[in-house]
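Okay, structure first, notes after.
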Amino acid sequence: MRPQKLIPVCMLLMLLLMGCQPPASDPVDSPILSTITQSPDREIEASITPQPSVTPTLMPPCYLTELPADAASSYAVLGWQAFAAQMGINLAYFYFPADCSPDSIIRDGERILYSSLVPDDRIGLVVLNPVDDGMLGVFYEHLVRHEYWQMGPEDYPALLEDSAGVNKNLVFLRVDELNGDETIVGNPLEVMTSLAEHEYIHIVQSRSNPTLAEMVWGDKDYQYFIEGYANIGNVSSQRYYFETQAAIALVQNLDLMNRGGTLQPGIATALQELGMDSESFLANATPVYDRHIEAFFLRVGGQAYVDGLRQGVISPYLLFVRAGSGDLIAYDVIRALFNKLSTSLTPIDRRAVGYLDGPLDFITPHHSPNHLAMFVTGVSSSAWY
Ligand SMILES: [Zn+2]
């Protein structure tokens with residue numbers, strides 16, 4: 001069912017049946033037709049004319065690019081529209097009705113995943129009814145199994161056998177949870193707008209880290225770090241409450257080290273071990289998403305605190321937002337700093353190291369609403385959410 005396996009088989013069949021003629025090519029360009037066109041015999045020309053209709057052509061897609069009214073007015077879509085308006089980005093919609101045939105599901109899924117239908121200045125929202133076939137069937141099953149309302153490129157490339165050429169500007173949504181479910185806490189539109197930000201952060205992370213999804217699904221520490229970062233300051237997912245707290249503690253520790261004079265030498269040593277220096281680190285600027293980080297620390301710490309976070313050649317703020325946005329050098333530097341500190345820690349340090357060691361394995365496919373409620377009880381009205 002995987003596209004990379006289908007393609008060689010299809011090519012072999014084409015060679016056998018059609019003599020190397022690709023199915024979608026224009027017959028006028030083929031050597032056979034150009035030879036025949038030179039024939040003076042009109043009857044032969046006339047008999048050739050129907051051939052393009054026999055040649056397989058690109059099938060029209062089953063998906064709709066305009067959403068049905070229910071989906072269009074859902075909190076998920078309104079939330080994405082609100083976030084996209086803030087960011088000045090455009091959305092594209094791919095709605096798969098419940099009656100799409102298995103063949104069209106497979107074909108259209110591959111078309112969306114392995115094409116440039118959604119360029120980097122757009123986000124493609126792929127809305128799925130329950131589906132079993134092709135990669136979209138695998139994605140739908142993944143959404144259900146993990147109780148995800150949406151998933152972006154922190155997930156789906158890891159479900160593909162070959163993710164090298166896959167489009168990372170896509171977010172997959174379940175039609176039955178476009179308004180969340182009974183676990184939603186607070187204003188649904190606000191939650192879904194924040195979830196759009198959360199998923200967009202994963203898209204930014206995937207642009208700096210081409211193996212984001214594979215790392216997230218193969219390395220729990222990295223998963224916690226990536227999810228904690230995407231969740232700071234917004235109400236998108238209470239399941240990451242502890243990761244969010246730990247991410248905040250991490251920034252506080254970097255700041256304490258910086259004020260104590262140990263951060264810059266520590267960064268320099270860590271970079272040296274990675275074969276870099278501060279100048280090359282700074283010159284190698286990667287795109288970051290940090291609106292939520294700045295807004296959060298402004299709210300809880302004020303301008304003076306944020307200004308303090310930005311002090312230093314490589315400031316705690318810069319190191320953190322680059323690592324959180326998918327820069328693996330910045331992430332390795334943070335890991336090196338905390339690995340070296342692990343013998344002499346204050347309680348707040350321990351939380352940060354615990355965060356990087358990932359001892360809190362509550363991101364499981366089996367969490368229940370009760371489990372979620374336990375996290376929610378820890379939420380203070382003025383703290384992280
Ligand atoms: Zn996430």
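We label chains A, B, ... in the order they appear in the structure tokens, count residues from 1 in each chain, and number ligands from 1 in the order shown.
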Item to complete: Would you please give, as a PyMOL selection string, all residues of segment 163-226 of chain A that DSSP assigns to alpha helix (DSSP H) based on the backbone?
Response: chain A and resi 188-208+212-218+220-226
Could the residues in this selection be written to a file with C-alpha atoms, as a JSON list (two decimals), in the first residue's frame?
```json
[["chain", "number", "residue", "atom", "x", "y", "z"],
["A", 188, "PRO", "CA", -13.47, 25.98, 23.04],
["A", 189, "LEU", "CA", -12.52, 28.59, 20.44],
["A", 190, "GLU", "CA", -9.62, 29.75, 22.59],
["A", 191, "VAL", "CA", -8.48, 26.17, 23.13],
["A", 192, "MET", "CA", -8.63, 25.42, 19.40],
["A", 193, "THR", "CA", -6.84, 28.64, 18.45],
["A", 194, "SER", "CA", -4.10, 27.66, 20.89],
["A", 195, "LEU", "CA", -4.04, 24.15, 19.46],
["A", 196, "ALA", "CA", -3.53, 25.68, 16.01],
["A", 197, "GLU", "CA", -0.52, 27.55, 17.44],
["A", 198, "HIS", "CA", 0.73, 24.33, 19.02],
["A", 199, "GLU", "CA", 0.54, 22.43, 15.72],
["A", 200, "TYR", "CA", 2.06, 25.34, 13.82],
["A", 201, "ILE", "CA", 5.03, 25.25, 16.22],
["A", 202, "HIS", "CA", 5.52, 21.60, 15.21],
["A", 203, "ILE", "CA", 5.60, 22.71, 11.56],
["A", 204, "VAL", "CA", 8.32, 25.26, 12.39],
["A", 205, "GLN", "CA", 10.22, 22.59, 14.36],
["A", 206, "SER", "CA", 10.02, 20.22, 11.37],
["A", 207, "ARG", "CA", 11.61, 22.82, 9.13],
["A", 208, "SER", "CA", 14.72, 23.08, 11.34],
["A", 212, "LEU", "CA", 11.55, 15.69, 13.92],
["A", 213, "ALA", "CA", 8.85, 13.00, 13.85],
["A", 214, "GLU", "CA", 11.30, 10.10, 13.93],
["A", 215, "MET", "CA", 13.08, 11.65, 16.93],
["A", 216, "VAL", "CA", 9.83, 12.47, 18.75],
["A", 217, "TRP", "CA", 8.68, 8.86, 18.39],
["A", 218, "GLY", "CA", 12.07, 7.33, 19.14],
["A", 220, "LYS", "CA", 11.11, 10.28, 24.93],
["A", 221, "ASP", "CA", 13.38, 13.06, 26.21],
["A", 222, "TYR", "CA", 13.11, 14.80, 22.90],
["A", 223, "GLN", "CA", 9.37, 14.25, 22.71],
["A", 224, "TYR", "CA", 8.89, 15.88, 26.13],
["A", 225, "PHE", "CA", 11.11, 18.78, 25.15],
["A", 226, "ILE", "CA", 9.33, 19.39, 21.84]]
```
Worksheet entry | Test item: residues at most 10 Å from segment 278-291 of chain A, only C-alpha atoms, excluding those fewer than 4 positions along its chain, as a ChimeraX atom specification | /A:197,200-205,207-209,229-230,232-233,264,267-269,271-272,295-296,313-314,317-327,329-330
Can those selected residues be exported to a file as a PDB file, in the first residue's frame so that it contains C-alpha atoms?
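Output contents, as saved in selection_16.pdb:
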```
ATOM      1  CA  GLU A 197      -0.522  27.553  17.441  1.00  0.00           C
ATOM      2  CA  TYR A 200       2.063  25.339  13.817  1.00  0.00           C
ATOM      3  CA  ILE A 201       5.034  25.250  16.218  1.00  0.00           C
ATOM      4  CA  HIS A 202       5.522  21.601  15.213  1.00  0.00           C
ATOM      5  CA  ILE A 203       5.597  22.709  11.559  1.00  0.00           C
ATOM      6  CA  VAL A 204       8.323  25.256  12.386  1.00  0.00           C
ATOM      7  CA  GLN A 205      10.216  22.589  14.357  1.00  0.00           C
ATOM      8  CA  ARG A 207      11.614  22.820   9.133  1.00  0.00           C
ATOM      9  CA  SER A 208      14.719  23.075  11.336  1.00  0.00           C
ATOM     10  CA  ASN A 209      14.830  19.386  12.199  1.00  0.00           C
ATOM     11  CA  TYR A 229       7.975  23.921  24.188  1.00  0.00           C
ATOM     12  CA  ALA A 230       4.931  23.849  21.894  1.00  0.00           C
ATOM     13  CA  ILE A 232       4.093  26.982  26.921  1.00  0.00           C
ATOM     14  CA  GLY A 233       1.665  29.788  27.574  1.00  0.00           C
ATOM     15  CA  GLN A 264      28.480  31.459  28.639  1.00  0.00           C
ATOM     16  CA  ILE A 267      27.903  27.008  26.219  1.00  0.00           C
ATOM     17  CA  ALA A 268      31.374  27.666  24.776  1.00  0.00           C
ATOM     18  CA  THR A 269      32.640  24.308  26.071  1.00  0.00           C
ATOM     19  CA  LEU A 271      29.879  24.071  21.381  1.00  0.00           C
ATOM     20  CA  GLN A 272      33.573  23.249  21.233  1.00  0.00           C
ATOM     21  CA  ALA A 295       4.154  36.465  25.737  1.00  0.00           C
ATOM     22  CA  PHE A 296       4.267  33.970  28.584  1.00  0.00           C
ATOM     23  CA  VAL A 313      26.368  36.507  23.806  1.00  0.00           C
ATOM     24  CA  ILE A 314      24.128  33.458  23.546  1.00  0.00           C
ATOM     25  CA  TYR A 317      16.241  33.049  25.663  1.00  0.00           C
ATOM     26  CA  LEU A 318      18.019  32.508  22.331  1.00  0.00           C
ATOM     27  CA  LEU A 319      19.382  29.103  23.295  1.00  0.00           C
ATOM     28  CA  PHE A 320      15.975  27.944  24.476  1.00  0.00           C
ATOM     29  CA  VAL A 321      13.894  29.216  21.555  1.00  0.00           C
ATOM     30  CA  ARG A 322      16.335  27.823  19.013  1.00  0.00           C
ATOM     31  CA  ALA A 323      16.333  24.399  20.668  1.00  0.00           C
ATOM     32  CA  GLY A 324      12.561  24.516  21.044  1.00  0.00           C
ATOM     33  CA  SER A 325      12.160  25.452  17.384  1.00  0.00           C
ATOM     34  CA  GLY A 326      14.008  22.334  16.256  1.00  0.00           C
ATOM     35  CA  ASP A 327      17.681  23.415  16.198  1.00  0.00           C
ATOM     36  CA  ILE A 329      22.828  22.038  18.047  1.00  0.00           C
ATOM     37  CA  ALA A 330      21.037  24.254  20.574  1.00  0.00           C
TER      38      ALA A 330
END
```
Item to complete: Rounded to one decimal place, report the atom CA of Pro316 of chain A-atom CA of Asp255 of chain A distance in Å.
Response: 5.7 Å
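Candidate residues A:Met151, A:Ala72, A:Val166, A:Cys62 were compared for distance to ligand 1, and the nearest is A:Met151, using only C-alpha atoms and all ligand atoms.
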Discussion item. Taking only segment 56-254 of chain A into account, list the residues labelled strand (DSSP E or B) by DSSP (computed from the backbone), as a PyMOL selection string.
Written reply: chain A and resi 64+90-96+122-128+150-151+170-174
Please produce an output containing N, CA and C atoms for each residue in the selection, written as a short mmCIF file (atom, residue, chain, number, x, y, z; two decimals), in the first residue's frame.
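For reference, result03.cif as written:
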```cif
data_model
loop_
_atom_site.label_atom_id
_atom_site.label_comp_id
_atom_site.auth_asym_id
_atom_site.auth_seq_id
_atom_site.Cartn_x
_atom_site.Cartn_y
_atom_site.Cartn_z
N LEU A 64 -12.83 17.51 -1.12
CA LEU A 64 -13.37 18.84 -1.42
C LEU A 64 -12.40 19.88 -0.90
N ASN A 90 -1.89 31.60 4.93
CA ASN A 90 -3.11 31.12 4.26
C ASN A 90 -3.34 29.65 4.57
N LEU A 91 -4.60 29.29 4.54
CA LEU A 91 -4.98 27.90 4.78
C LEU A 91 -5.51 27.28 3.48
N ALA A 92 -5.26 25.98 3.34
CA ALA A 92 -5.88 25.21 2.25
C ALA A 92 -6.62 24.06 2.91
N TYR A 93 -7.78 23.70 2.35
CA TYR A 93 -8.61 22.65 2.96
C TYR A 93 -8.70 21.43 2.04
N PHE A 94 -8.65 20.28 2.66
CA PHE A 94 -8.86 19.01 1.95
C PHE A 94 -9.84 18.20 2.80
N TYR A 95 -11.08 18.21 2.38
CA TYR A 95 -12.11 17.50 3.16
C TYR A 95 -12.43 16.19 2.45
N PHE A 96 -12.26 15.07 3.16
CA PHE A 96 -12.56 13.76 2.59
C PHE A 96 -13.95 13.31 3.04
N ARG A 122 1.63 28.23 3.16
CA ARG A 122 0.26 27.78 3.48
C ARG A 122 0.32 26.63 4.46
N ILE A 123 -0.80 26.42 5.12
CA ILE A 123 -0.97 25.22 5.93
C ILE A 123 -2.16 24.47 5.33
N GLY A 124 -1.98 23.19 5.09
CA GLY A 124 -3.06 22.37 4.55
C GLY A 124 -3.76 21.62 5.67
N LEU A 125 -5.05 21.89 5.84
CA LEU A 125 -5.84 21.17 6.84
C LEU A 125 -6.55 20.00 6.15
N VAL A 126 -6.19 18.79 6.51
CA VAL A 126 -6.76 17.59 5.90
C VAL A 126 -7.76 17.01 6.89
N VAL A 127 -9.05 17.13 6.53
CA VAL A 127 -10.13 16.72 7.45
C VAL A 127 -10.63 15.34 7.04
N LEU A 128 -10.51 14.38 7.96
CA LEU A 128 -10.80 12.99 7.65
C LEU A 128 -12.07 12.50 8.32
N GLN A 150 -5.86 16.55 16.49
CA GLN A 150 -5.14 16.98 15.29
C GLN A 150 -3.71 16.43 15.39
N MET A 151 -3.07 16.27 14.25
CA MET A 151 -1.63 15.96 14.29
C MET A 151 -0.94 16.61 13.10
N LEU A 170 1.28 20.07 6.55
CA LEU A 170 -0.06 19.51 6.66
C LEU A 170 -0.43 19.26 8.12
N VAL A 171 -1.70 19.41 8.41
CA VAL A 171 -2.25 19.03 9.72
C VAL A 171 -3.47 18.18 9.44
N PHE A 172 -3.55 17.03 10.11
CA PHE A 172 -4.65 16.08 9.90
C PHE A 172 -5.62 16.17 11.08
N LEU A 173 -6.91 16.27 10.75
CA LEU A 173 -7.95 16.45 11.78
C LEU A 173 -9.02 15.37 11.60
N ARG A 174 -9.63 14.98 12.71
CA ARG A 174 -10.74 14.03 12.66
C ARG A 174 -12.05 14.79 12.61
#
```
Practice prompt. Measuring atom to atom with only C-alpha atoms and all ligand atoms, identify which of A:Leu117, A:Pro157, A:Glu227, A:Glu66 is nearest to ligand 1.
Written response: A:Glu227
Practice prompt. Between A:Ser101, A:Thr244, A:Ser163, A:Ser73, single out the one closest to ligand 1, counting only C-alpha atoms and all ligand atoms.
Written response: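 Closest candidate: A:Thr244.
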Worksheet item: Which residue gives the smallest distance to Gly228 of chain A among A:Gln252, A:Thr262, A:Ser115, A:Gln245, with only C-alpha atoms counted?
Response: A:Gln245
Fill in: Closest of A:Pro68, A:Ala84, A:Tyr63, A:Trp149 to ligand 1 - atom-to-atom distances counting only C-alpha atoms and all ligand atoms
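Of the candidates, the smallest distance to ligand 1 is held by A:Trp149.
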Worksheet item: Quick one: of A:Arg239, A:Gln81, A:Val138, A:Pro102, who's nearest to ligand 1, counting only C-alpha atoms and all ligand atoms?
Response: A:Arg239
